[in-house]
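*Asks:* File name my_file14.pdb; file contents PDB, C-alpha atoms; full text below.
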```pdb
MODEL        1
ATOM      1  CA  MET A   1     137.266 106.682 146.291
ATOM      2  CA  LYS A   2     137.243 110.101 144.695
ATOM      3  CA  LEU A   3     135.290 112.570 146.823
ATOM      4  CA  PRO A   4     132.382 114.493 145.218
ATOM      5  CA  PRO A   5     132.623 118.291 145.017
ATOM      6  CA  LEU A   6     132.264 119.889 148.456
ATOM      7  CA  ASN A   7     129.607 122.289 147.211
ATOM      8  CA  THR A   8     127.317 119.383 146.235
ATOM      9  CA  LEU A   9     127.583 118.056 149.789
ATOM     10  CA  ARG A  10     126.784 121.507 151.206
ATOM     11  CA  VAL A  11     123.687 121.775 149.003
ATOM     12  CA  PHE A  12     122.629 118.211 149.875
ATOM     13  CA  ASP A  13     122.985 118.942 153.602
ATOM     14  CA  ALA A  14     120.679 121.964 153.360
ATOM     15  CA  ALA A  15     118.122 120.128 151.186
ATOM     16  CA  ALA A  16     118.154 117.090 153.467
ATOM     17  CA  ARG A  17     117.700 119.135 156.618
ATOM     18  CA  HIS A  18     114.751 121.041 155.131
ATOM     19  CA  GLN A  19     113.367 118.081 153.138
ATOM     20  CA  ALA A  20     112.673 120.702 150.463
ATOM     21  CA  PHE A  21     114.742 122.064 147.603
ATOM     22  CA  GLY A  22     113.003 125.458 147.762
ATOM     23  CA  LYS A  23     113.902 126.077 151.422
ATOM     24  CA  ALA A  24     117.455 124.940 150.754
ATOM     25  CA  ALA A  25     117.646 127.448 147.921
ATOM     26  CA  GLN A  26     116.510 130.239 150.257
ATOM     27  CA  GLU A  27     119.122 129.298 152.863
ATOM     28  CA  LEU A  28     121.917 129.174 150.299
ATOM     29  CA  HIS A  29     120.704 132.225 148.332
ATOM     30  CA  VAL A  30     120.527 130.312 145.058
ATOM     31  CA  THR A  31     117.700 129.230 142.747
ATOM     32  CA  HIS A  32     115.584 126.093 143.107
ATOM     33  CA  GLY A  33     117.040 124.878 139.814
ATOM     34  CA  ALA A  34     120.607 125.300 141.091
ATOM     35  CA  VAL A  35     119.836 123.109 144.104
ATOM     36  CA  SER A  36     118.258 120.448 141.891
ATOM     37  CA  ARG A  37     121.290 120.395 139.566
ATOM     38  CA  GLN A  38     123.762 120.056 142.452
ATOM     39  CA  ILE A  39     121.781 117.140 143.905
ATOM     40  CA  LYS A  40     121.774 115.376 140.531
ATOM     41  CA  LEU A  41     125.552 115.871 140.228
ATOM     42  CA  LEU A  42     126.024 114.348 143.671
ATOM     43  CA  GLU A  43     123.775 111.389 142.915
ATOM     44  CA  GLN A  44     125.666 110.756 139.674
ATOM     45  CA  ALA A  45     129.034 110.983 141.451
ATOM     46  CA  LEU A  46     127.940 108.509 144.141
ATOM     47  CA  GLY A  47     125.845 106.280 141.902
ATOM     48  CA  LEU A  48     123.012 106.503 144.454
ATOM     49  CA  THR A  49     119.532 107.962 144.654
ATOM     50  CA  LEU A  50     119.393 110.307 147.624
ATOM     51  CA  PHE A  51     115.861 111.695 147.254
ATOM     52  CA  ASP A  52     112.558 110.245 146.135
ATOM     53  CA  ARG A  53     110.770 112.872 144.083
ATOM     54  CA  ARG A  54     107.004 112.508 144.339
ATOM     55  CA  ASN A  55     104.152 114.969 143.781
ATOM     56  CA  ARG A  56     106.419 118.026 143.784
ATOM     57  CA  ALA A  57     107.911 116.920 147.140
ATOM     58  CA  VAL A  58     111.192 115.205 147.979
ATOM     59  CA  TYR A  59     111.868 112.495 150.551
ATOM     60  CA  LEU A  60     115.199 111.114 151.702
ATOM     61  CA  THR A  61     115.991 107.564 150.714
ATOM     62  CA  ASP A  62     117.833 105.228 153.083
ATOM     63  CA  ALA A  63     121.077 106.261 151.389
ATOM     64  CA  GLY A  64     120.078 109.912 151.829
ATOM     65  CA  HIS A  65     119.529 109.425 155.566
ATOM     66  CA  GLN A  66     122.948 107.797 155.915
ATOM     67  CA  LEU A  67     124.639 110.598 153.995
ATOM     68  CA  LEU A  68     122.857 113.254 156.100
ATOM     69  CA  ASP A  69     124.402 111.753 159.238
ATOM     70  CA  VAL A  70     127.796 112.076 157.571
ATOM     71  CA  THR A  71     127.360 115.661 156.321
ATOM     72  CA  ARG A  72     125.860 116.883 159.596
ATOM     73  CA  ALA A  73     128.857 115.627 161.569
ATOM     74  CA  MET A  74     131.278 116.844 158.902
ATOM     75  CA  PHE A  75     129.960 120.426 158.791
ATOM     76  CA  GLU A  76     129.603 120.674 162.577
ATOM     77  CA  GLN A  77     133.253 119.642 162.951
ATOM     78  CA  LEU A  78     134.257 122.110 160.235
ATOM     79  CA  HIS A  79     132.416 125.006 161.916
ATOM     80  CA  THR A  80     133.942 124.132 165.289
ATOM     81  CA  GLY A  81     137.435 123.941 163.860
ATOM     82  CA  LEU A  82     137.144 127.264 162.020
ATOM     83  CA  ALA A  83     135.770 128.980 165.130
ATOM     84  CA  GLN A  84     138.769 127.782 167.119
ATOM     85  CA  LEU A  85     141.147 129.049 164.440
ATOM     86  CA  ARG A  86     139.510 132.474 164.437
ATOM     87  CA  ARG A  87     139.429 132.770 168.226
ATOM     88  CA  PRO A  88     142.234 135.088 169.404
ATOM     89  CA  ALA A  89     144.853 133.642 171.690
ATOM     90  CA  THR A  90     143.753 134.322 175.262
ATOM     91  CA  ASP A  91     147.312 135.224 176.288
ATOM     92  CA  ALA A  92     147.667 137.900 173.581
ATOM     93  CA  PRO A  93     147.249 141.547 174.697
ATOM     94  CA  LEU A  94     143.851 143.133 174.147
ATOM     95  CA  VAL A  95     144.469 146.157 171.926
ATOM     96  CA  LEU A  96     142.009 148.923 172.815
ATOM     97  CA  SER A  97     141.453 152.099 170.808
ATOM     98  CA  CYS A  98     139.972 154.788 173.039
ATOM     99  CA  GLU A  99     139.063 158.449 172.669
ATOM    100  CA  PRO A 100     141.921 160.478 174.201
ATOM    101  CA  THR A 101     139.989 162.493 176.812
ATOM    102  CA  ILE A 102     138.151 159.580 178.386
ATOM    103  CA  ALA A 103     141.361 157.532 178.213
ATOM    104  CA  MET A 104     143.395 160.147 180.118
ATOM    105  CA  MET A 105     140.797 161.361 182.580
ATOM    106  CA  TRP A 106     138.799 158.219 183.378
ATOM    107  CA  LEU A 107     140.042 154.929 181.931
ATOM    108  CA  ILE A 108     143.771 154.947 182.698
ATOM    109  CA  PRO A 109     143.325 155.708 186.438
ATOM    110  CA  ARG A 110     141.043 152.643 186.648
ATOM    111  CA  LEU A 111     143.059 150.199 184.554
ATOM    112  CA  PRO A 112     145.080 148.974 187.571
ATOM    113  CA  ASP A 113     141.804 147.576 188.949
ATOM    114  CA  PHE A 114     141.273 145.626 185.725
ATOM    115  CA  GLN A 115     144.815 144.272 185.907
ATOM    116  CA  ARG A 116     144.260 143.175 189.513
ATOM    117  CA  THR A 117     140.986 141.414 188.730
ATOM    118  CA  HIS A 118     142.157 139.980 185.384
ATOM    119  CA  PRO A 119     145.912 139.396 185.771
ATOM    120  CA  GLY A 120     146.050 137.201 182.679
ATOM    121  CA  ILE A 121     144.806 139.943 180.318
ATOM    122  CA  GLN A 122     147.073 142.790 179.257
ATOM    123  CA  VAL A 123     145.455 145.880 177.755
ATOM    124  CA  HIS A 124     147.427 147.862 175.186
ATOM    125  CA  LEU A 125     145.909 151.316 174.815
ATOM    126  CA  TYR A 126     145.820 153.189 171.521
ATOM    127  CA  ALA A 127     144.489 156.766 171.802
ATOM    128  CA  ALA A 128     142.298 157.752 168.865
ATOM    129  CA  GLY A 129     138.797 158.902 168.011
ATOM    130  CA  GLY A 130     136.339 158.477 165.164
ATOM    131  CA  PRO A 131     136.292 155.542 162.705
ATOM    132  CA  VAL A 132     138.555 152.576 163.429
ATOM    133  CA  ALA A 133     140.550 150.487 160.936
ATOM    134  CA  PHE A 134     140.608 147.376 163.119
ATOM    135  CA  ALA A 135     142.670 145.108 160.880
ATOM    136  CA  ALA A 136     145.080 147.775 159.626
ATOM    137  CA  GLN A 137     145.755 149.141 163.120
ATOM    138  CA  GLY A 138     145.752 145.754 164.861
ATOM    139  CA  VAL A 139     142.911 146.880 167.141
ATOM    140  CA  ASP A 140     140.657 144.367 168.923
ATOM    141  CA  VAL A 141     138.061 146.695 170.490
ATOM    142  CA  ALA A 142     137.353 150.439 170.439
ATOM    143  CA  LEU A 143     135.624 152.629 173.015
ATOM    144  CA  ARG A 144     133.685 155.354 171.216
ATOM    145  CA  ARG A 145     130.872 157.832 171.776
ATOM    146  CA  ASN A 146     128.189 157.568 169.103
ATOM    147  CA  ASP A 147     128.825 161.036 167.674
ATOM    148  CA  PHE A 148     129.688 159.597 164.245
ATOM    149  CA  GLU A 149     128.413 156.812 161.986
ATOM    150  CA  TRP A 150     130.386 153.585 162.157
ATOM    151  CA  ASP A 151     130.293 150.576 159.869
ATOM    152  CA  PRO A 152     126.985 148.739 160.492
ATOM    153  CA  ALA A 153     128.867 145.447 160.149
ATOM    154  CA  LEU A 154     130.663 146.181 163.441
ATOM    155  CA  HIS A 155     129.391 144.759 166.703
ATOM    156  CA  ALA A 156     128.454 147.558 169.131
ATOM    157  CA  GLU A 157     127.964 146.937 172.857
ATOM    158  CA  ARG A 158     126.430 149.837 174.812
ATOM    159  CA  VAL A 159     128.475 150.760 177.884
ATOM    160  CA  CYS A 160     126.653 153.761 179.369
ATOM    161  CA  ASP A 161     124.910 157.035 178.605
ATOM    162  CA  GLU A 162     126.842 160.288 178.410
ATOM    163  CA  TRP A 163     126.012 162.832 181.143
ATOM    164  CA  THR A 164     127.273 166.401 180.786
ATOM    165  CA  GLY A 165     127.139 169.646 182.749
ATOM    166  CA  PRO A 166     129.005 172.906 183.423
ATOM    167  CA  VAL A 167     132.219 172.573 185.460
ATOM    168  CA  CYS A 168     134.554 175.228 186.835
ATOM    169  CA  ARG A 169     137.192 175.705 189.508
ATOM    170  CA  PRO A 170     135.764 175.973 193.030
ATOM    171  CA  GLY A 171     136.180 179.445 194.491
ATOM    172  CA  MET A 172     137.164 181.121 191.231
ATOM    173  CA  PRO A 173     135.944 184.721 190.824
ATOM    174  CA  GLY A 174     132.484 184.436 189.443
ATOM    175  CA  GLY A 175     132.663 180.656 189.985
ATOM    176  CA  ALA A 176     130.466 178.016 191.499
ATOM    177  CA  ASP A 177     130.989 178.909 195.155
ATOM    178  CA  ALA A 178     129.942 182.480 194.483
ATOM    179  CA  GLY A 179     126.748 181.235 192.890
ATOM    180  CA  ASP A 180     127.238 183.273 189.725
ATOM    181  CA  TRP A 181     129.058 180.826 187.469
ATOM    182  CA  PHE A 182     126.728 182.049 184.732
ATOM    183  CA  ASP A 183     128.886 185.179 184.377
ATOM    184  CA  ALA A 184     132.118 183.224 183.772
ATOM    185  CA  PRO A 185     133.393 182.760 180.188
ATOM    186  CA  ALA A 186     131.928 179.691 178.474
ATOM    187  CA  LEU A 187     134.851 177.582 177.223
ATOM    188  CA  GLY A 188     134.419 175.553 174.044
ATOM    189  CA  SER A 189     136.280 172.865 172.124
ATOM    190  CA  ALA A 190     136.644 171.959 168.462
ATOM    191  CA  THR A 191     135.950 168.277 169.109
ATOM    192  CA  ARG A 192     132.606 169.025 170.785
ATOM    193  CA  PRO A 193     131.546 172.276 169.124
ATOM    194  CA  ARG A 194     127.866 171.959 170.110
ATOM    195  CA  ALA A 195     128.419 170.885 173.717
ATOM    196  CA  TRP A 196     126.890 174.027 175.239
ATOM    197  CA  GLN A 197     123.875 173.987 172.913
ATOM    198  CA  GLN A 198     123.249 170.293 173.608
ATOM    199  CA  TRP A 199     123.482 170.830 177.356
ATOM    200  CA  ALA A 200     121.150 173.826 177.208
ATOM    201  CA  GLN A 201     118.611 171.833 175.215
ATOM    202  CA  ALA A 202     118.837 168.805 177.517
ATOM    203  CA  SER A 203     118.677 170.832 180.759
ATOM    204  CA  GLY A 204     116.231 173.508 179.654
ATOM    205  CA  ARG A 205     118.675 176.229 180.719
ATOM    206  CA  LYS A 206     120.733 178.897 178.991
ATOM    207  CA  ALA A 207     124.461 178.883 178.364
ATOM    208  CA  PRO A 208     126.600 181.599 180.015
ATOM    209  CA  ARG A 209     126.306 185.101 178.601
ATOM    210  CA  GLN A 210     130.034 185.492 177.943
ATOM    211  CA  THR A 211     131.667 183.362 175.247
ATOM    212  CA  GLY A 212     135.192 182.280 176.094
ATOM    213  CA  PRO A 213     137.936 180.781 173.933
ATOM    214  CA  ALA A 214     137.446 177.526 172.026
ATOM    215  CA  TYR A 215     140.218 174.974 172.498
ATOM    216  CA  GLU A 216     141.373 172.412 169.978
ATOM    217  CA  HIS A 217     140.395 169.452 172.103
ATOM    218  CA  PHE A 218     137.771 168.660 174.757
ATOM    219  CA  TYR A 219     140.525 167.730 177.211
ATOM    220  CA  LEU A 220     142.099 171.188 176.893
ATOM    221  CA  SER A 221     138.825 172.957 177.673
ATOM    222  CA  LEU A 222     138.516 170.903 180.871
ATOM    223  CA  GLN A 223     142.091 171.719 181.856
ATOM    224  CA  ALA A 224     141.331 175.389 181.219
ATOM    225  CA  ALA A 225     138.374 175.108 183.595
ATOM    226  CA  VAL A 226     140.655 173.544 186.243
ATOM    227  CA  ALA A 227     142.992 176.534 185.780
ATOM    228  CA  GLY A 228     140.129 178.941 186.442
ATOM    229  CA  LEU A 229     139.920 180.345 182.923
ATOM    230  CA  GLY A 230     136.176 179.875 182.701
ATOM    231  CA  VAL A 231     133.406 177.282 182.795
ATOM    232  CA  ALA A 232     133.409 174.278 180.457
ATOM    233  CA  ILE A 233     130.997 171.511 179.621
ATOM    234  CA  GLY A 234     132.284 168.371 181.308
ATOM    235  CA  SER A 235     131.432 164.703 180.987
ATOM    236  CA  ALA A 236     130.402 163.197 184.334
ATOM    237  CA  LEU A 237     132.739 160.264 183.689
ATOM    238  CA  MET A 238     135.727 162.377 182.724
ATOM    239  CA  VAL A 239     135.527 164.925 185.553
ATOM    240  CA  GLN A 240     134.658 162.478 188.329
ATOM    241  CA  ASP A 241     138.171 162.406 189.799
ATOM    242  CA  ALA A 242     138.528 166.191 189.500
ATOM    243  CA  LEU A 243     135.242 166.640 191.369
ATOM    244  CA  ARG A 244     136.337 164.282 194.130
ATOM    245  CA  ASP A 245     139.689 166.099 194.468
ATOM    246  CA  ARG A 246     137.916 169.491 194.438
ATOM    247  CA  ARG A 247     139.826 170.613 191.368
ATOM    248  CA  LEU A 248     136.461 171.174 189.725
ATOM    249  CA  ALA A 249     132.906 171.892 190.844
ATOM    250  CA  ALA A 250     129.679 171.099 188.968
ATOM    251  CA  PRO A 251     127.177 173.796 189.968
ATOM    252  CA  CYS A 252     124.296 172.318 187.962
ATOM    253  CA  GLY A 253     124.970 168.609 188.156
ATOM    254  CA  PHE A 254     124.747 166.600 184.952
ATOM    255  CA  VAL A 255     122.072 165.654 182.429
ATOM    256  CA  ARG A 256     121.940 163.038 179.680
ATOM    257  CA  ASP A 257     122.934 164.691 176.413
ATOM    258  CA  GLY A 258     121.427 161.972 174.204
ATOM    259  CA  SER A 259     124.696 160.244 173.292
ATOM    260  CA  ALA A 260     126.264 157.105 174.733
ATOM    261  CA  TYR A 261     129.517 155.161 174.858
ATOM    262  CA  PHE A 262     129.885 151.863 172.987
ATOM    263  CA  LEU A 263     132.531 149.184 172.760
ATOM    264  CA  LEU A 264     133.000 148.397 169.062
ATOM    265  CA  SER A 265     134.556 145.241 167.659
ATOM    266  CA  PRO A 266     134.690 143.413 164.313
ATOM    267  CA  ARG A 267     133.387 140.209 165.949
ATOM    268  CA  PRO A 268     131.068 139.646 168.942
ATOM    269  CA  CYS A 269     132.777 140.255 172.291
ATOM    270  CA  ARG A 270     131.372 136.958 173.555
ATOM    271  CA  ASP A 271     133.623 135.161 171.052
ATOM    272  CA  ASP A 272     136.743 136.655 172.655
ATOM    273  CA  PRO A 273     137.131 135.963 176.405
ATOM    274  CA  ARG A 274     139.431 138.988 176.764
ATOM    275  CA  ALA A 275     136.923 141.374 175.178
ATOM    276  CA  ALA A 276     134.016 139.847 177.124
ATOM    277  CA  ALA A 277     135.856 140.344 180.427
ATOM    278  CA  PHE A 278     136.831 143.916 179.533
ATOM    279  CA  LEU A 279     133.269 144.809 178.489
ATOM    280  CA  ALA A 280     131.802 143.512 181.755
ATOM    281  CA  TRP A 281     134.417 145.399 183.766
ATOM    282  CA  LEU A 282     133.891 148.569 181.720
ATOM    283  CA  ARG A 283     130.135 148.538 182.311
ATOM    284  CA  GLN A 284     130.628 148.018 186.046
ATOM    285  CA  GLN A 285     133.133 150.864 186.282
ATOM    286  CA  ALA A 286     130.783 153.189 184.415
ATOM    287  CA  ALA A 287     127.868 152.218 186.652
ATOM    288  CA  ASN A 288     130.012 152.934 189.717
ATOM    289  CA  SER A 289     131.333 156.209 188.354
ATOM    290  CA  LEU A 290     128.047 158.002 187.676
ATOM    291  CA  PRO A 291     126.716 157.748 191.272
ATOM    292  CA  GLU A 292     130.184 158.766 192.516
ATOM    293  CA  ALA A 293     130.051 161.830 190.285
ATOM    294  CA  ALA A 294     126.742 162.782 191.888
ATOM    295  CA  GLN A 295     128.239 162.427 195.388
ATOM    296  CA  ALA A 296     131.240 164.523 194.345
ATOM    297  CA  VAL A 297     128.894 167.282 193.184
ATOM    298  CA  GLU A 298     127.246 167.380 196.596
ATOM    299  CA  ALA A 299     130.643 167.522 198.288
ATOM    300  CA  THR A 300     132.028 170.406 196.223
ATOM    301  CA  GLY A 301     129.343 172.951 196.865
ATOM    302  CA  PRO A 302     125.724 173.936 196.319
ATOM    303  CA  VAL A 303     123.847 172.613 193.327
ATOM    304  CA  ALA A 304     122.374 175.951 192.427
ATOM    305  CA  CYS A 305     120.511 174.933 189.294
ATOM    306  CA  ALA A 306     120.152 171.140 189.374
ATOM    307  CA  THR A 307     117.361 169.888 187.171
ATOM    308  CA  ASP A 308     115.002 166.970 187.707
ATOM    309  CA  GLN A 309     116.941 164.825 185.251
ATOM    310  CA  SER A 310     120.440 165.601 186.569
ATOM    311  CA  VAL A 311     122.766 163.076 188.151
ATOM    312  CA  ALA A 312     122.968 165.287 191.224
ATOM    313  CA  SER A 313     119.216 165.526 191.782
TER     314      SER A 313
ENDMDL
END
```
Rewrite the structure from the file as structure tokens, please.
*Replies:*
Amino acid sequence: MKLPPLNTLRVFDAAARHQAFGKAAQELHVTHGAVSRQIKLLEQALGLTLFDRRNRAVYLTDAGHQLLDVTRAMFEQLHTGLAQLRRPATDAPLVLSCEPTIAMMWLIPRLPDFQRTHPGIQVHLYAAGGPVAFAAQGVDVALRRNDFEWDPALHAERVCDEWTGPVCRPGMPGGADAGDWFDAPALGSATRPRAWQQWAQASGRKAPRQTGPAYEHFYLSLQAAVAGLGVAIGSALMVQDALRDRRLAAPCGFVRDGSAYFLLSPRPCRDDPRAAAFLAWLRQQAANSLPEAAQAVEATGPVACATDQSVAS
């Protein structure tokens, strides 16, 4: 037997489930007339009456009920099969695009823990910032701060808030241990040009009097602070290890700057077991890191100007 057009079966399935041509039209984003024409084509192709049309309402006939059982099973199987085809292979590496500074200073030192807890998932890291061309670059997920507008069609999973604060080398002349970090040069970066202004607004305090050099990248300004060239705005996540190792001190603790980190993906993370596992691990690591950053602040010296909303309060 020659099969009727697939589209007529799709329209019938919607009309039969709703028992109304109008609701089927809304679901399929077509007109009421288009639904009615497709049903007539199907009835002509099958030589059967599928709906009784009475008083501006439609009712399934016995043949219509039988066909609904067929279409329901058919479309459920089709959806299941397509979902399986689209699901990435669980043994394929998870390709992660990550902003360079957080990748170098926070993520990479913690990736061995992910490999220990998820030995079957390999993470391939691609350092980049800003918009992501997922298909063109072969990227599965991207870790980004929401300092730019991304495609609203992307799926965005919040990881954690961003906390920032001044950081400098312990014991440097005019540094944190001397209690007058405010006189040290304020280091800037081209990738976060408003970091000092945002911190000042969030903390209710003023930036240092002396303006220091602006570096091309956020990472370079933090390295300059480690070298004792001045005081930089640091992310609590990114400077956590430097605080613990006493390479940096955070004299004022950290405050939320209003931004946050998100894991972006073209499809929901729950549909990819690798991405779902990485997201859960990422959130746990971030949750662990922020309290550790607060403890590191206490260990590196006095919190001379901690505010009520700082991590170190």
*Asks:* Got a sec to resolve the PyMOL selection byres ((chain A and resi 227) around 12) on this structure and send the residues as a list of chain:residue names?
*Replies:*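 Expected selection for the PyMOL selection byres ((chain A and resi 227) around 12) here is A:Val167, A:Cys168, A:Arg169, A:Pro170, A:Gly171, A:Met172, A:Pro173, A:Gly175, A:Leu187, A:Leu220, A:Ser221, A:Leu222, A:Gln223, A:Ala224, A:Ala225, A:Val226, A:Gly228, A:Leu229, A:Gly230, A:Val231, A:Ala232, A:Ala242, A:Arg247, A:Leu248.
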*Asks:* Choose the residue, out of A:Cys160, A:Leu94, A:Val255, A:Met104, that has the smallest atom-to-atom separation from Asp272 of chain A; count only C-alpha atoms.
*Replies:* A:Leu94
*Asks:* At what distance in Å, to one decimal, does atom CA of His155 of chain A lie from atom CA of Pro268 of chain A?
*Replies:* 5.8 Å
*Asks:* Do you know which residues the PyMOL selection byres ((chain A and resi 115-121) around 9) returns on this file, as a list in words?
*Replies:*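 Going through the file, the PyMOL selection byres ((chain A and resi 115-121) around 9) ends up selecting Thr90, Asp91, Ala92, Pro93, Leu94, Leu111, Pro112, Asp113, Phe114, Gln122, Val123, Arg274, Ala277 and Phe278 of chain A.
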*Asks:* Keeping only C-alpha atoms, write those residues as an mmCIF file, in the frame of the given file.
*Replies:*
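Once everything was written out, this is out_10.cif:
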```cif
data_model
loop_
_atom_site.group_PDB
_atom_site.id
_atom_site.type_symbol
_atom_site.label_atom_id
_atom_site.label_comp_id
_atom_site.auth_asym_id
_atom_site.auth_seq_id
_atom_site.Cartn_x
_atom_site.Cartn_y
_atom_site.Cartn_z
ATOM 1 C CA THR A 90 143.753 134.322 175.262
ATOM 2 C CA ASP A 91 147.312 135.224 176.288
ATOM 3 C CA ALA A 92 147.667 137.900 173.581
ATOM 4 C CA PRO A 93 147.249 141.547 174.697
ATOM 5 C CA LEU A 94 143.851 143.133 174.147
ATOM 6 C CA LEU A 111 143.059 150.199 184.554
ATOM 7 C CA PRO A 112 145.080 148.974 187.571
ATOM 8 C CA ASP A 113 141.804 147.576 188.949
ATOM 9 C CA PHE A 114 141.273 145.626 185.725
ATOM 10 C CA GLN A 122 147.073 142.790 179.257
ATOM 11 C CA VAL A 123 145.455 145.880 177.755
ATOM 12 C CA ARG A 274 139.431 138.988 176.764
ATOM 13 C CA ALA A 277 135.856 140.344 180.427
ATOM 14 C CA PHE A 278 136.831 143.916 179.533
#
```
*Asks:* For a test of reading the model, state the distance in Å between atom CA of Ser289 of chain A and atom CA of Val159 of chain A, rounded to one decimal.
*Replies:*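 Interatomic distance, atom CA of Ser289 of chain A to atom CA of Val159 of chain A: 12.1 Å.
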*Asks:* Separation of atom CA of Ala249 of chain A and atom CA of Arg158 of chain A, in Å?
*Replies:*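 Straight-line distance from atom CA of Ala249 of chain A to atom CA of Arg158 of chain A works out to 28.0 Å.
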*Asks:* Please list as number ranges by chain every residue within 9 Å of Thr61 of chain A, counting all atoms listed in the file and excluding residues in the same chain fewer than 6 positions away.
*Replies:* A: 49-52
*Asks:* Identify all residues satisfying the PyMOL selection byres ((chain A and resi 196) around 12) in the given file; provide them as an MDAnalysis selection string.
*Replies:* chainID A and resid 164:167 185:189 192:195 197:209 211:212 214 231:235 257
*Asks:* Please produce a file of those selected residues containing C-alpha atoms, as a PDB file, in the coordinates of the input.
*Replies:*
```
ATOM      1  CA  THR A 164     127.273 166.401 180.786  1.00  0.00           C
ATOM      2  CA  GLY A 165     127.139 169.646 182.749  1.00  0.00           C
ATOM      3  CA  PRO A 166     129.005 172.906 183.423  1.00  0.00           C
ATOM      4  CA  VAL A 167     132.219 172.573 185.460  1.00  0.00           C
ATOM      5  CA  PRO A 185     133.393 182.760 180.188  1.00  0.00           C
ATOM      6  CA  ALA A 186     131.928 179.691 178.474  1.00  0.00           C
ATOM      7  CA  LEU A 187     134.851 177.582 177.223  1.00  0.00           C
ATOM      8  CA  GLY A 188     134.419 175.553 174.044  1.00  0.00           C
ATOM      9  CA  SER A 189     136.280 172.865 172.124  1.00  0.00           C
ATOM     10  CA  ARG A 192     132.606 169.025 170.785  1.00  0.00           C
ATOM     11  CA  PRO A 193     131.546 172.276 169.124  1.00  0.00           C
ATOM     12  CA  ARG A 194     127.866 171.959 170.110  1.00  0.00           C
ATOM     13  CA  ALA A 195     128.419 170.885 173.717  1.00  0.00           C
ATOM     14  CA  GLN A 197     123.875 173.987 172.913  1.00  0.00           C
ATOM     15  CA  GLN A 198     123.249 170.293 173.608  1.00  0.00           C
ATOM     16  CA  TRP A 199     123.482 170.830 177.356  1.00  0.00           C
ATOM     17  CA  ALA A 200     121.150 173.826 177.208  1.00  0.00           C
ATOM     18  CA  GLN A 201     118.611 171.833 175.215  1.00  0.00           C
ATOM     19  CA  ALA A 202     118.837 168.805 177.517  1.00  0.00           C
ATOM     20  CA  SER A 203     118.677 170.832 180.759  1.00  0.00           C
ATOM     21  CA  GLY A 204     116.231 173.508 179.654  1.00  0.00           C
ATOM     22  CA  ARG A 205     118.675 176.229 180.719  1.00  0.00           C
ATOM     23  CA  LYS A 206     120.733 178.897 178.991  1.00  0.00           C
ATOM     24  CA  ALA A 207     124.461 178.883 178.364  1.00  0.00           C
ATOM     25  CA  PRO A 208     126.600 181.599 180.015  1.00  0.00           C
ATOM     26  CA  ARG A 209     126.306 185.101 178.601  1.00  0.00           C
ATOM     27  CA  THR A 211     131.667 183.362 175.247  1.00  0.00           C
ATOM     28  CA  GLY A 212     135.192 182.280 176.094  1.00  0.00           C
ATOM     29  CA  ALA A 214     137.446 177.526 172.026  1.00  0.00           C
ATOM     30  CA  VAL A 231     133.406 177.282 182.795  1.00  0.00           C
ATOM     31  CA  ALA A 232     133.409 174.278 180.457  1.00  0.00           C
ATOM     32  CA  ILE A 233     130.997 171.511 179.621  1.00  0.00           C
ATOM     33  CA  GLY A 234     132.284 168.371 181.308  1.00  0.00           C
ATOM     34  CA  SER A 235     131.432 164.703 180.987  1.00  0.00           C
ATOM     35  CA  ASP A 257     122.934 164.691 176.413  1.00  0.00           C
TER      36      ASP A 257
END
```
